[in-house]
file final.cif (mmCIF, C-alpha atoms)
data_query
#
loop_
_atom_site.label_atom_id
_atom_site.label_comp_id
_atom_site.auth_asym_id
_atom_site.auth_seq_id
_atom_site.Cartn_x
_atom_site.Cartn_y
_atom_site.Cartn_z
CA MET A 23 -5.78 31.12 1.00
CA LYS A 24 -2.28 32.39 0.28
CA LYS A 25 0.36 30.07 -1.17
CA GLY A 26 2.14 29.69 2.17
CA GLU A 27 -1.12 28.68 3.83
CA LEU A 28 -1.94 26.21 1.03
CA THR A 29 1.49 24.61 1.39
CA ARG A 30 1.01 24.34 5.13
CA GLN A 31 -2.40 22.64 4.64
CA ALA A 32 -0.90 20.17 2.14
CA ILE A 33 1.89 19.30 4.57
CA LEU A 34 -0.57 18.82 7.44
CA GLU A 35 -2.84 16.66 5.29
CA ALA A 36 0.15 14.44 4.47
CA GLY A 37 1.14 14.48 8.15
CA LEU A 38 -2.34 13.37 9.20
CA LYS A 39 -2.26 10.44 6.75
CA MET A 40 1.21 9.44 7.93
CA ALA A 41 0.20 9.68 11.61
CA SER A 42 -2.84 7.49 10.93
CA SER A 43 -0.61 4.88 9.32
CA VAL A 44 2.54 4.78 11.48
CA GLY A 45 1.53 6.72 14.59
CA LEU A 46 2.03 10.34 15.57
CA GLU A 47 5.30 9.54 17.32
CA ASP A 48 6.84 8.20 14.10
CA VAL A 49 5.96 11.25 12.00
CA THR A 50 9.17 13.21 11.67
CA ILE A 51 10.07 16.31 9.71
CA GLY A 52 12.56 14.18 7.74
CA GLU A 53 9.94 11.56 6.75
CA LEU A 54 7.38 14.23 5.92
CA ALA A 55 9.93 16.01 3.71
CA LYS A 56 10.35 12.77 1.73
CA VAL A 57 6.59 12.29 1.27
CA THR A 58 5.81 15.89 0.32
CA GLY A 59 8.91 16.32 -1.84
CA MET A 60 9.92 19.41 0.12
CA SER A 61 13.29 20.20 1.61
CA LYS A 62 13.86 19.30 5.23
CA SER A 63 14.98 22.87 5.95
CA GLY A 64 11.83 24.27 4.30
CA LEU A 65 9.66 22.03 6.46
CA PHE A 66 11.68 22.89 9.55
CA ALA A 67 10.97 26.56 8.85
CA HIS A 68 7.24 25.77 8.99
CA PHE A 69 7.24 23.67 12.17
CA GLN A 70 10.50 24.25 14.12
CA SER A 71 10.32 21.00 16.11
CA LYS A 72 8.87 17.49 16.02
CA GLU A 73 6.68 18.29 19.01
CA ASN A 74 5.29 21.37 17.32
CA LEU A 75 4.64 19.34 14.17
CA GLN A 76 2.71 16.76 16.24
CA LEU A 77 0.64 19.51 17.87
CA GLU A 78 -0.12 21.09 14.48
CA ILE A 79 -1.17 17.74 13.02
CA LEU A 80 -3.53 17.15 15.96
CA ALA A 81 -4.99 20.67 15.62
CA PHE A 82 -5.46 20.14 11.87
CA ALA A 83 -7.09 16.74 12.50
CA GLY A 84 -9.37 18.40 15.05
CA GLN A 85 -10.48 20.93 12.43
CA VAL A 86 -11.16 18.22 9.83
CA PHE A 87 -12.99 16.20 12.50
CA ALA A 88 -15.22 19.17 13.40
CA ASP A 89 -15.90 20.03 9.74
CA ARG A 90 -16.74 16.50 8.63
CA ILE A 91 -18.24 14.85 11.69
CA VAL A 92 -19.59 17.25 14.29
CA VAL A 93 -20.85 20.24 12.27
CA PRO A 94 -22.76 18.23 9.60
CA ALA A 95 -24.47 16.22 12.39
CA LEU A 96 -25.66 19.49 13.96
CA ASN A 97 -27.51 20.21 10.71
CA VAL A 98 -29.57 17.03 11.26
CA PRO A 99 -32.59 17.33 13.59
CA ALA A 100 -31.74 16.59 17.24
CA GLY A 101 -32.48 13.12 18.60
CA VAL A 102 -31.92 9.63 17.24
CA ALA A 103 -31.43 10.96 13.67
CA ARG A 104 -28.56 13.18 14.82
CA VAL A 105 -26.94 10.33 16.79
CA LYS A 106 -27.04 8.12 13.69
CA ALA A 107 -25.66 10.90 11.49
CA LEU A 108 -22.76 11.47 13.88
CA VAL A 109 -21.96 7.74 13.95
CA ASP A 110 -22.08 7.53 10.14
CA ASN A 111 -19.83 10.60 9.83
CA TRP A 112 -17.35 9.12 12.30
CA ILE A 113 -17.23 5.84 10.40
CA GLY A 114 -16.69 7.77 7.16
CA TRP A 115 -13.77 9.62 8.78
CA THR A 116 -12.06 6.38 9.83
CA ALA A 117 -12.64 4.92 6.35
CA ARG A 118 -10.60 7.63 4.63
CA LEU A 119 -7.64 7.07 7.00
CA THR A 120 -6.01 3.71 6.28
CA GLY A 121 -4.63 3.30 9.79
CA GLY A 122 -7.81 4.62 11.37
CA CYS A 123 -8.76 7.57 13.54
CA ILE A 124 -5.70 9.53 14.63
CA PHE A 125 -7.33 10.31 17.99
CA VAL A 126 -7.96 6.64 18.79
CA ALA A 127 -4.40 5.71 17.84
CA ALA A 128 -2.81 8.64 19.66
CA SER A 129 -4.88 7.94 22.79
CA THR A 130 -3.06 4.66 23.37
CA GLU A 131 0.22 5.94 21.93
CA PHE A 132 0.36 8.91 24.33
CA SER A 133 -1.39 7.43 27.38
CA ASP A 134 2.01 7.08 29.07
CA ARG A 135 3.96 9.85 27.28
CA PRO A 136 3.49 12.96 29.47
CA GLY A 137 3.99 16.35 27.81
CA PRO A 138 2.30 19.00 25.69
CA VAL A 139 1.14 16.53 23.00
CA ARG A 140 -0.62 14.33 25.55
CA ASP A 141 -2.15 17.41 27.23
CA PHE A 142 -3.47 18.75 23.94
CA LEU A 143 -4.86 15.35 22.91
CA LEU A 144 -6.56 14.98 26.27
CA ARG A 145 -8.32 18.35 25.80
CA GLN A 146 -9.42 17.30 22.31
CA GLN A 147 -10.82 14.01 23.59
CA ALA A 148 -12.59 15.80 26.45
CA ASP A 149 -14.15 18.17 23.88
CA TRP A 150 -15.32 15.21 21.81
CA LEU A 151 -16.91 13.59 24.85
CA ASP A 152 -18.57 16.94 25.62
CA SER A 153 -20.04 16.86 22.10
CA LEU A 154 -21.40 13.36 22.76
CA THR A 155 -22.84 14.52 26.10
CA ARG A 156 -24.58 17.46 24.39
CA LEU A 157 -25.85 15.03 21.75
CA ALA A 158 -27.58 13.04 24.52
CA ARG A 159 -29.00 16.24 26.08
CA SER A 160 -30.47 17.34 22.75
CA ALA A 161 -32.04 13.88 22.31
CA MET A 162 -33.57 14.24 25.80
CA ARG A 163 -34.98 17.67 24.89
CA VAL A 164 -36.81 16.33 21.84
CA GLY A 165 -38.11 13.29 23.74
CA ASP A 166 -36.02 10.62 21.95
CA PHE A 167 -34.20 9.82 25.21
CA ARG A 168 -35.75 9.49 28.68
CA GLU A 169 -35.39 12.41 31.06
CA ASP A 170 -33.70 10.38 33.80
CA ILE A 171 -30.68 9.24 31.76
CA ASP A 172 -27.09 10.33 32.46
CA PRO A 173 -25.79 12.11 29.31
CA GLY A 174 -22.16 11.49 30.36
CA GLN A 175 -22.91 7.77 30.55
CA PHE A 176 -24.29 7.91 27.01
CA ALA A 177 -21.04 9.54 25.87
CA PHE A 178 -19.08 6.64 27.41
CA ASP A 179 -21.43 4.06 25.87
CA LEU A 180 -21.37 5.57 22.39
CA TYR A 181 -17.60 6.14 22.27
CA SER A 182 -17.04 2.56 23.50
CA LEU A 183 -19.15 1.30 20.62
CA LEU A 184 -17.11 3.34 18.12
CA LEU A 185 -13.85 2.04 19.61
CA GLY A 186 -15.11 -1.52 19.21
CA PHE A 187 -16.04 -0.81 15.60
CA HIS A 188 -12.60 0.69 15.00
CA LEU A 189 -10.68 -2.33 16.26
CA TYR A 190 -12.87 -4.82 14.36
CA ASP A 191 -12.73 -2.76 11.18
CA LYS A 192 -9.08 -1.78 11.09
CA LEU A 193 -7.31 -4.75 12.66
CA LEU A 194 -9.60 -7.75 12.22
CA GLN A 195 -11.28 -6.55 9.01
CA ASP A 196 -14.22 -8.71 10.08
CA ALA A 197 -16.98 -8.85 7.43
CA LYS A 198 -19.71 -8.58 10.08
CA THR A 199 -18.31 -5.41 11.66
CA ARG A 200 -20.87 -2.94 10.30
CA GLN A 201 -23.71 -5.29 11.24
CA ARG A 202 -22.34 -5.71 14.78
CA GLN A 203 -21.94 -1.97 15.16
CA GLN A 204 -25.49 -1.34 13.99
CA ALA A 205 -26.95 -3.98 16.32
CA ALA A 206 -25.02 -2.45 19.23
CA LEU A 207 -26.27 1.04 18.32
CA GLU A 208 -29.90 -0.13 18.14
CA ARG A 209 -29.56 -1.78 21.55
CA LEU A 210 -27.98 1.38 22.98
CA LEU A 211 -30.73 3.62 21.59
CA ALA A 212 -33.40 1.23 22.90
CA ALA A 213 -31.91 1.47 26.38
CA TYR A 214 -32.16 5.29 26.37
CA ARG A 215 -35.56 5.52 24.66
CA PRO A 216 -38.62 6.51 26.71
CA PRO A 217 -41.13 3.71 27.40
CA ALA A 218 -43.56 3.24 24.50
CA ALA A 219 -46.82 5.21 24.73
CA GLY A 220 -49.41 3.22 26.68
CA VAL A 221 -46.80 1.49 28.84
CA SER A 222 -47.09 3.27 32.18
CA GLU A 223 -44.22 1.78 34.19
CA PRO A 224 -40.54 1.72 33.20
CA LEU A 225 -39.28 -1.55 31.74
CA ALA A 226 -38.25 -3.88 34.55
CA SER A 227 -34.83 -4.71 33.13
CA PHE A 228 -33.42 -1.20 33.28
CA MET B 18 13.48 -23.01 35.15
CA LYS B 19 17.09 -22.90 34.05
CA LYS B 20 19.10 -19.68 34.31
CA GLY B 21 18.84 -18.99 30.58
CA GLU B 22 15.06 -19.34 30.74
CA LEU B 23 14.83 -17.10 33.81
CA THR B 24 16.89 -14.43 32.06
CA ARG B 25 14.66 -14.67 29.02
CA GLN B 26 11.52 -14.26 31.16
CA ALA B 27 13.01 -11.20 32.89
CA ILE B 28 13.85 -9.61 29.54
CA LEU B 29 10.37 -10.29 28.19
CA GLU B 30 8.74 -8.89 31.34
CA ALA B 31 10.78 -5.70 30.86
CA GLY B 32 9.89 -5.71 27.15
CA LEU B 33 6.19 -6.00 27.95
CA LYS B 34 6.36 -3.02 30.33
CA MET B 35 8.28 -0.98 27.78
CA ALA B 36 5.85 -1.89 24.98
CA SER B 37 2.91 -0.86 27.18
CA SER B 38 4.55 2.50 27.78
CA VAL B 39 6.09 3.52 24.44
CA GLY B 40 4.50 1.08 21.99
CA LEU B 41 5.73 -2.22 20.58
CA GLU B 42 7.31 -0.49 17.59
CA ASP B 43 9.58 1.59 19.82
CA VAL B 44 10.90 -1.37 21.83
CA THR B 45 14.37 -2.04 20.45
CA ILE B 46 17.10 -4.43 21.50
CA GLY B 47 19.26 -1.40 22.27
CA GLU B 48 16.71 0.21 24.58
CA LEU B 49 15.93 -3.10 26.27
CA ALA B 50 19.65 -3.66 26.87
CA LYS B 51 19.78 -0.32 28.73
CA VAL B 52 16.76 -1.14 30.91
CA THR B 53 17.83 -4.69 31.80
CA GLY B 54 21.50 -3.82 32.22
CA MET B 55 22.50 -6.51 29.74
CA SER B 56 24.83 -6.19 26.81
CA LYS B 57 23.32 -5.48 23.42
CA SER B 58 25.14 -8.47 21.97
CA GLY B 59 23.82 -10.73 24.76
CA LEU B 60 20.27 -9.59 24.04
CA PHE B 61 20.80 -9.98 20.33
CA ALA B 62 21.83 -13.59 20.95
CA HIS B 63 18.45 -14.16 22.62
CA PHE B 64 16.25 -12.50 20.00
CA GLN B 65 18.21 -12.08 16.72
CA SER B 66 15.99 -9.29 15.32
CA LYS B 67 13.62 -6.54 16.37
CA GLU B 68 10.73 -8.30 14.68
CA ASN B 69 11.46 -11.52 16.55
CA LEU B 70 11.68 -9.56 19.81
CA GLN B 71 8.24 -8.03 19.10
CA LEU B 72 6.77 -11.46 18.37
CA GLU B 73 8.28 -12.90 21.56
CA ILE B 74 6.91 -10.02 23.64
CA LEU B 75 3.43 -10.56 22.20
CA ALA B 76 3.64 -14.33 22.85
CA PHE B 77 4.80 -13.65 26.42
CA ALA B 78 1.99 -11.11 26.94
CA GLY B 79 -0.47 -13.71 25.59
CA GLN B 80 0.73 -16.21 28.19
CA VAL B 81 0.43 -13.69 31.04
CA PHE B 82 -3.01 -12.69 29.71
CA ALA B 83 -4.19 -16.32 29.68
CA ASP B 84 -2.76 -17.03 33.15
CA ARG B 85 -4.18 -13.94 34.84
CA ILE B 86 -7.39 -13.21 32.97
CA VAL B 87 -8.85 -16.15 31.08
CA VAL B 88 -7.89 -19.19 33.18
CA PRO B 89 -8.93 -17.75 36.58
CA ALA B 90 -12.32 -16.73 35.10
CA LEU B 91 -12.87 -20.32 33.96
CA ASN B 92 -12.64 -21.34 37.63
CA VAL B 93 -15.68 -19.16 38.38
CA PRO B 94 -19.12 -20.72 37.70
CA ALA B 95 -20.35 -20.05 34.13
CA GLY B 96 -22.79 -17.18 33.59
CA VAL B 97 -22.95 -13.62 34.84
CA ALA B 98 -20.45 -14.36 37.65
CA ARG B 99 -17.85 -15.53 35.11
CA VAL B 100 -18.43 -12.49 32.87
CA LYS B 101 -17.87 -10.18 35.85
CA ALA B 102 -14.74 -12.10 36.92
CA LEU B 103 -13.28 -11.82 33.43
CA VAL B 104 -13.97 -8.07 33.32
CA ASP B 105 -12.37 -7.58 36.76
CA ASN B 106 -9.33 -9.62 35.72
CA TRP B 107 -8.96 -7.60 32.51
CA ILE B 108 -9.14 -4.32 34.42
CA GLY B 109 -6.53 -5.64 36.88
CA TRP B 110 -4.26 -6.50 33.94
CA THR B 111 -4.47 -2.98 32.51
CA ALA B 112 -3.86 -1.48 35.97
CA ARG B 113 -0.46 -3.14 36.30
CA LEU B 114 0.68 -1.81 32.91
CA THR B 115 1.16 1.97 33.08
CA GLY B 116 0.51 2.53 29.39
CA GLY B 117 -2.36 0.04 29.37
CA CYS B 118 -3.09 -3.24 27.59
CA ILE B 119 -0.41 -4.10 25.04
CA PHE B 120 -3.02 -5.70 22.76
CA VAL B 121 -5.19 -2.57 22.68
CA ALA B 122 -2.17 -0.36 21.95
CA ALA B 123 -0.69 -2.70 19.35
CA SER B 124 -4.07 -3.05 17.61
CA THR B 125 -4.01 0.59 16.55
CA GLU B 126 -0.22 0.67 16.19
CA PHE B 127 -0.16 -2.27 13.75
CA SER B 128 -3.52 -1.77 12.00
CA ASP B 129 -1.65 -0.40 8.97
CA ARG B 130 1.73 -2.15 9.37
CA PRO B 131 1.43 -5.41 7.41
CA GLY B 132 3.79 -8.23 8.32
CA PRO B 133 4.32 -11.11 10.75
CA VAL B 134 3.76 -8.96 13.87
CA ARG B 135 0.36 -7.77 12.64
CA ASP B 136 -0.57 -11.33 11.59
CA PHE B 137 0.35 -12.75 14.99
CA LEU B 138 -1.50 -9.97 16.84
CA LEU B 139 -4.58 -10.53 14.69
CA ARG B 140 -4.61 -14.24 15.62
CA GLN B 141 -4.26 -13.34 19.29
CA GLN B 142 -7.15 -10.87 19.11
CA ALA B 143 -9.28 -13.42 17.24
CA ASP B 144 -8.53 -15.95 20.03
CA TRP B 145 -9.57 -13.40 22.65
CA LEU B 146 -12.85 -12.74 20.85
CA ASP B 147 -13.37 -16.52 20.65
CA SER B 148 -12.96 -16.63 24.43
CA LEU B 149 -15.62 -13.93 24.78
CA THR B 150 -17.92 -15.79 22.39
CA ARG B 151 -17.51 -18.99 24.45
CA LEU B 152 -18.19 -16.92 27.58
CA ALA B 153 -21.57 -15.92 26.10
CA ARG B 154 -22.33 -19.53 25.11
CA SER B 155 -21.62 -20.79 28.63
CA ALA B 156 -23.91 -18.07 30.04
CA MET B 157 -26.64 -19.27 27.64
CA ARG B 158 -26.16 -22.87 28.80
CA VAL B 159 -26.72 -22.00 32.46
CA GLY B 160 -29.72 -19.78 31.65
CA ASP B 161 -28.13 -16.41 32.50
CA PHE B 162 -28.43 -15.30 28.84
CA ARG B 163 -31.41 -15.84 26.54
CA GLU B 164 -31.20 -18.66 24.01
CA ASP B 165 -31.78 -16.39 21.00
CA ILE B 166 -28.78 -14.10 21.50
CA ASP B 167 -25.81 -13.94 19.14
CA PRO B 168 -22.66 -14.87 21.12
CA GLY B 169 -20.41 -13.10 18.59
CA GLN B 170 -22.40 -9.91 19.10
CA PHE B 171 -21.85 -10.22 22.85
CA ALA B 172 -18.09 -10.49 22.20
CA PHE B 173 -18.22 -7.24 20.20
CA ASP B 174 -20.32 -5.52 22.88
CA LEU B 175 -18.14 -6.59 25.79
CA TYR B 176 -14.83 -5.79 24.11
CA SER B 177 -16.19 -2.37 23.07
CA LEU B 178 -17.03 -1.68 26.70
CA LEU B 179 -13.49 -2.64 27.79
CA LEU B 180 -11.98 -0.42 25.08
CA GLY B 181 -14.07 2.50 26.35
CA PHE B 182 -12.92 1.83 29.90
CA HIS B 183 -9.31 1.69 28.71
CA LEU B 184 -9.38 5.07 26.97
CA TYR B 185 -11.15 6.79 29.88
CA ASP B 186 -8.86 5.20 32.44
CA LYS B 187 -5.50 5.58 30.74
CA LEU B 188 -5.82 8.83 28.81
CA LEU B 189 -8.54 10.85 30.51
CA GLN B 190 -8.00 9.42 34.02
CA ASP B 191 -11.65 10.32 34.62
CA ALA B 192 -12.73 9.72 38.25
CA LYS B 193 -16.08 8.27 37.14
CA THR B 194 -14.54 5.66 34.81
CA ARG B 195 -15.13 2.60 36.98
CA GLN B 196 -18.72 3.69 37.69
CA ARG B 197 -19.38 4.25 33.97
CA GLN B 198 -17.90 0.86 33.09
CA GLN B 199 -20.06 -0.86 35.72
CA ALA B 200 -23.23 0.90 34.57
CA ALA B 201 -22.47 -0.12 30.97
CA LEU B 202 -21.85 -3.73 32.04
CA GLU B 203 -25.13 -3.89 33.99
CA ARG B 204 -27.01 -2.53 30.95
CA LEU B 205 -25.28 -5.05 28.70
CA LEU B 206 -26.08 -7.98 30.99
CA ALA B 207 -29.72 -6.81 31.28
CA ALA B 208 -30.02 -6.82 27.49
CA TYR B 209 -28.88 -10.46 27.26
CA ARG B 210 -30.79 -11.72 30.34
CA PRO B 211 -33.88 -13.90 29.83
CA PRO B 212 -37.23 -12.22 30.61
CA ALA B 213 -38.09 -12.36 34.33
CA ALA B 214 -40.19 -15.35 35.42
CA GLY B 215 -43.90 -14.56 35.02
CA VAL B 216 -43.33 -12.23 32.04
CA SER B 217 -44.55 -14.29 29.11
CA GLU B 218 -43.67 -12.12 26.11
CA PRO B 219 -40.22 -10.67 25.27
CA LEU B 220 -39.66 -7.01 26.20
CA ALA B 221 -40.96 -4.79 23.43
CA SER B 222 -37.79 -2.73 23.05
CA PHE B 223 -35.57 -5.59 21.93
#
call {"tool": "encode", "arguments": {"input": "final.cif", "output": "C-alpha cells"}}
result
Amino acid sequence: MKKGELTRQAILEAGLKMASSVGLEDVTIGELAKVTGMSKSGLFAHFQSKENLQLEILAFAGQVFADRIVVPALNVPAGVARVKALVDNWIGWTARLTGGCIFVAASTEFSDRPGPVRDFLLRQQADWLDSLTRLARSAMRVGDFREDIDPGQFAFDLYSLLLGFHLYDKLLQDAKTRQRQQAALERLLAAYRPPAAGVSEPLASF
Amino acid sequence: MKKGELTRQAILEAGLKMASSVGLEDVTIGELAKVTGMSKSGLFAHFQSKENLQLEILAFAGQVFADRIVVPALNVPAGVARVKALVDNWIGWTARLTGGCIFVAASTEFSDRPGPVRDFLLRQQADWLDSLTRLARSAMRVGDFREDIDPGQFAFDLYSLLLGFHLYDKLLQDAKTRQRQQAALERLLAAYRPPAAGVSEPLASF
C-alpha cells in the first residue's frame, strides 16, 4: 500500500473505533482529527463531508467484517461446524470493539434517519442476512439441517440470538452471557437438525 | 394533574419521541424547546441539565412501558397466553415510536458511555429481564413450561427474539418480519413446553 492509502486505513480504523464507542452520528471530521493527530483540513481533503466519512467508515467496517467473520467461516466445512465458527468470529469481532458491533449500533441509530447512510447500511445488513441464509442452505446440503426448513427463518433466528448476546454482553455485562448464548445456539441447532437415525417420524413438537 | 405536571408530561412525551428518532444523546433542551414551542429558559427550569433531561425521559419511558406492556400482560392468565400478550404489547409499543424502542436504541448508544444515564438504563433493562424471568416462572407454575427449564435462559431467548424483530421491522422493513417473529416464538414455546401427555421420556433432541 502507498503512504496515502496507509494513512486512509489508519483514519478509518480510528473512525470505526470511535463509531463503536459514541455512534456513527457523533463521529465528526473535527473529533477524528483530534484522535489521529492530523489537521482538520488534511482530513477534510480525504473525506470532503461528514456523510462521506460515515459511508467510508461503514464500507471499511464491512471489509473488516468480511475478512474476519465471513471468509474464515467459509474455510470451515459446511454445516454445524461452519455455523459455530461464524458465531465465534462474530463474538470475537464485537469483543475488539468496546462499544460493540458498529452495524448493530448503527441499525438503531439510523432506523429513523433517512438518507444515503441508512440506505448503505440497509444493503450491508441485507447482505449479512443473505450470508446467514446461505449458511443454512449449505447446512441443508450436507445433511446437518432438515430439508424442509426455511433458510431465511434461520437467518432471523441466528441474528436474533447474536443481538441478544450483544445487549447482554455490552450493556449488562452479565457473567452468564456466553453460557446463555451457547444454550440458545444448541437449542436452535437442535430445532433445525434432521430427526435422529432410526426415528421415522418428525418430532411432534416442531 | 396540575398545569405544571401536565406541561412536564407533554415535554417528556415529546422527548421520548425525539429520543426514539434521533437517539437519547441527541435530545437537547434547545431542540426540545423548538419542538414543544416553549422557551429554552422555561425548559431549563424544568430539567436543569441535559443529563437530567435524559434521565427523566428514561424514567417517563419506563412508566409508559410498564403501563402499556407489563401491567396489561399481568391481567392475562399466566402461561403461554401471557407470554403472547406481552410480546404483542411490546410490538405495539415499538410501532408507535417511529425510531423504535428507546431502550433498545439507548442500550447500544450508552454501552460505552459510562455515567448516571448508563447506570439508570442498566437497572431498567435488568428490571425488564426480571419481568421476563418471572413470566417464565409463572408459565412453569401453571404447567405451560416444563419444571426443569431455566427461567433466566427464557428471558435471554425471548428478548433476543424481540431484538431480532426490532431490527427487521425498523431498519429492513422486511414484509415477512411478523411471520418470522411468530415462527420463532412458536419454536421457542415448543422448546419450553412439557412433553405431550402419553409421551413418557423427554424428547431426545433437548
call {"tool": "resolve_selection", "arguments": {"input": "final.cif", "expression": "the PyMOL selection byres ((chain A) within 7 of (chain B))", "output": "JSON, numbers by chain"}}
result
{"A": [43, 44, 45, 120, 121, 127, 129, 130, 131, 133, 134, 144, 175, 178, 179, 181, 182, 183, 185, 186, 189, 192, 193, 194, 202, 206, 212, 227, 228]}
call {"tool": "atom_distance", "arguments": {"input": "final.cif", "atom1": "atom CA of Val87 of chain B", "atom2": "atom CA of Asp105 of chain B"}}
result
10.9 Å
call {"tool": "residues_around", "arguments": {"input": "final.cif", "residues": "segment 53-67 of chain B", "least_positions_apart": "4", "cutoff": "9 Å", "atoms": "only C-alpha atoms", "output": "ChimeraX atom specification"}}
result
/B:25,27-28,31,42,44-49,71-73
call {"tool": "atom_distance", "arguments": {"input": "final.cif", "atom1": "atom CA of Val97 of chain B", "atom2": "atom CA of Arg154 of chain B"}}
result
11.4 Å
call {"tool": "axis_aligned_box", "arguments": {"input": "final.cif", "around": "segment 83-92 of chain A", "padding_each_side": "8 Å", "output": "lines of an AutoDock Vina configuration file"}}
result
center_x = -13.3
center_y = 17.9
center_z = 11.8
size_x = 28.5
size_y = 22.1
size_z = 22.4
call {"tool": "atom_distance", "arguments": {"input": "final.cif", "atom1": "atom CA of Arg156 of chain A", "atom2": "atom CA of Val86 of chain A"}}
result
19.8 Å
call {"tool": "residues_near_point", "arguments": {"input": "final.cif", "point": "(5.5, -14.8, 22.7)", "cutoff": "12 Å", "atoms": "only C-alpha atoms", "output": "compact mmCIF listing (two decimals) with C-alpha atoms, keeping the file's coordinate frame"}}
result
# COMPACT_ATOMS: atom_id res chain seq x y z
CA ARG B 25 14.66 -14.67 29.02
CA GLN B 26 11.52 -14.26 31.16
CA ILE B 28 13.85 -9.61 29.54
CA LEU B 29 10.37 -10.29 28.19
CA GLU B 30 8.74 -8.89 31.34
CA GLY B 32 9.89 -5.71 27.15
CA LEU B 33 6.19 -6.00 27.95
CA PHE B 64 16.25 -12.50 20.00
CA GLU B 68 10.73 -8.30 14.68
CA ASN B 69 11.46 -11.52 16.55
CA LEU B 70 11.68 -9.56 19.81
CA GLN B 71 8.24 -8.03 19.10
CA LEU B 72 6.77 -11.46 18.37
CA GLU B 73 8.28 -12.90 21.56
CA ILE B 74 6.91 -10.02 23.64
CA LEU B 75 3.43 -10.56 22.20
CA ALA B 76 3.64 -14.33 22.85
CA PHE B 77 4.80 -13.65 26.42
CA ALA B 78 1.99 -11.11 26.94
CA GLY B 79 -0.47 -13.71 25.59
CA GLN B 80 0.73 -16.21 28.19
CA VAL B 81 0.43 -13.69 31.04
CA PHE B 82 -3.01 -12.69 29.71
CA VAL B 134 3.76 -8.96 13.87
CA PHE B 137 0.35 -12.75 14.99
CA LEU B 138 -1.50 -9.97 16.84
CA GLN B 141 -4.26 -13.34 19.29
call {"tool": "resolve_selection", "arguments": {"input": "final.cif", "expression": "the PyMOL selection byres ((chain B and resi 162) around 7)", "output": "PyMOL selection string"}}
result
chain B and resi 156-157+160-161+163-164+209-211
call {"tool": "build_atoms", "arguments": {"input": "final.cif", "residues": "segment 187-202 of chain B", "atoms": "N, CA and C atoms", "output": "compact mmCIF listing (two decimals), in the coordinates of the input"}}
result
# COMPACT_ATOMS: atom_id res chain seq x y z
N LYS B 187 -6.91 5.34 31.00
CA LYS B 187 -5.50 5.58 30.74
C LYS B 187 -5.23 6.98 30.23
N LEU B 188 -6.08 7.49 29.34
CA LEU B 188 -5.82 8.83 28.81
C LEU B 188 -6.49 9.89 29.67
N LEU B 189 -7.80 9.78 29.85
CA LEU B 189 -8.54 10.85 30.51
C LEU B 189 -8.37 10.81 32.03
N GLN B 190 -8.09 9.60 32.56
CA GLN B 190 -8.00 9.42 34.02
C GLN B 190 -9.20 10.06 34.70
N ASP B 191 -10.37 9.78 34.14
CA ASP B 191 -11.65 10.32 34.62
C ASP B 191 -12.05 9.56 35.90
N ALA B 192 -12.41 10.33 36.94
CA ALA B 192 -12.73 9.72 38.25
C ALA B 192 -13.95 8.81 38.18
N LYS B 193 -14.84 9.07 37.22
CA LYS B 193 -16.08 8.27 37.14
C LYS B 193 -15.92 7.02 36.28
N THR B 194 -14.72 6.73 35.80
CA THR B 194 -14.54 5.66 34.81
C THR B 194 -15.08 4.31 35.27
N ARG B 195 -14.72 3.92 36.50
CA ARG B 195 -15.13 2.60 36.98
C ARG B 195 -16.66 2.52 37.09
N GLN B 196 -17.25 3.62 37.56
CA GLN B 196 -18.72 3.69 37.69
C GLN B 196 -19.38 3.59 36.31
N ARG B 197 -18.84 4.29 35.34
CA ARG B 197 -19.38 4.25 33.97
C ARG B 197 -19.27 2.84 33.40
N GLN B 198 -18.11 2.21 33.62
CA GLN B 198 -17.90 0.86 33.09
C GLN B 198 -18.90 -0.11 33.74
N GLN B 199 -19.13 0.05 35.04
CA GLN B 199 -20.06 -0.86 35.72
C GLN B 199 -21.49 -0.65 35.26
N ALA B 200 -21.88 0.62 35.06
CA ALA B 200 -23.23 0.90 34.57
C ALA B 200 -23.41 0.30 33.17
N ALA B 201 -22.39 0.44 32.33
CA ALA B 201 -22.47 -0.12 30.97
C ALA B 201 -22.56 -1.64 31.02
N LEU B 202 -21.81 -2.26 31.93
CA LEU B 202 -21.85 -3.73 32.04
C LEU B 202 -23.23 -4.20 32.52
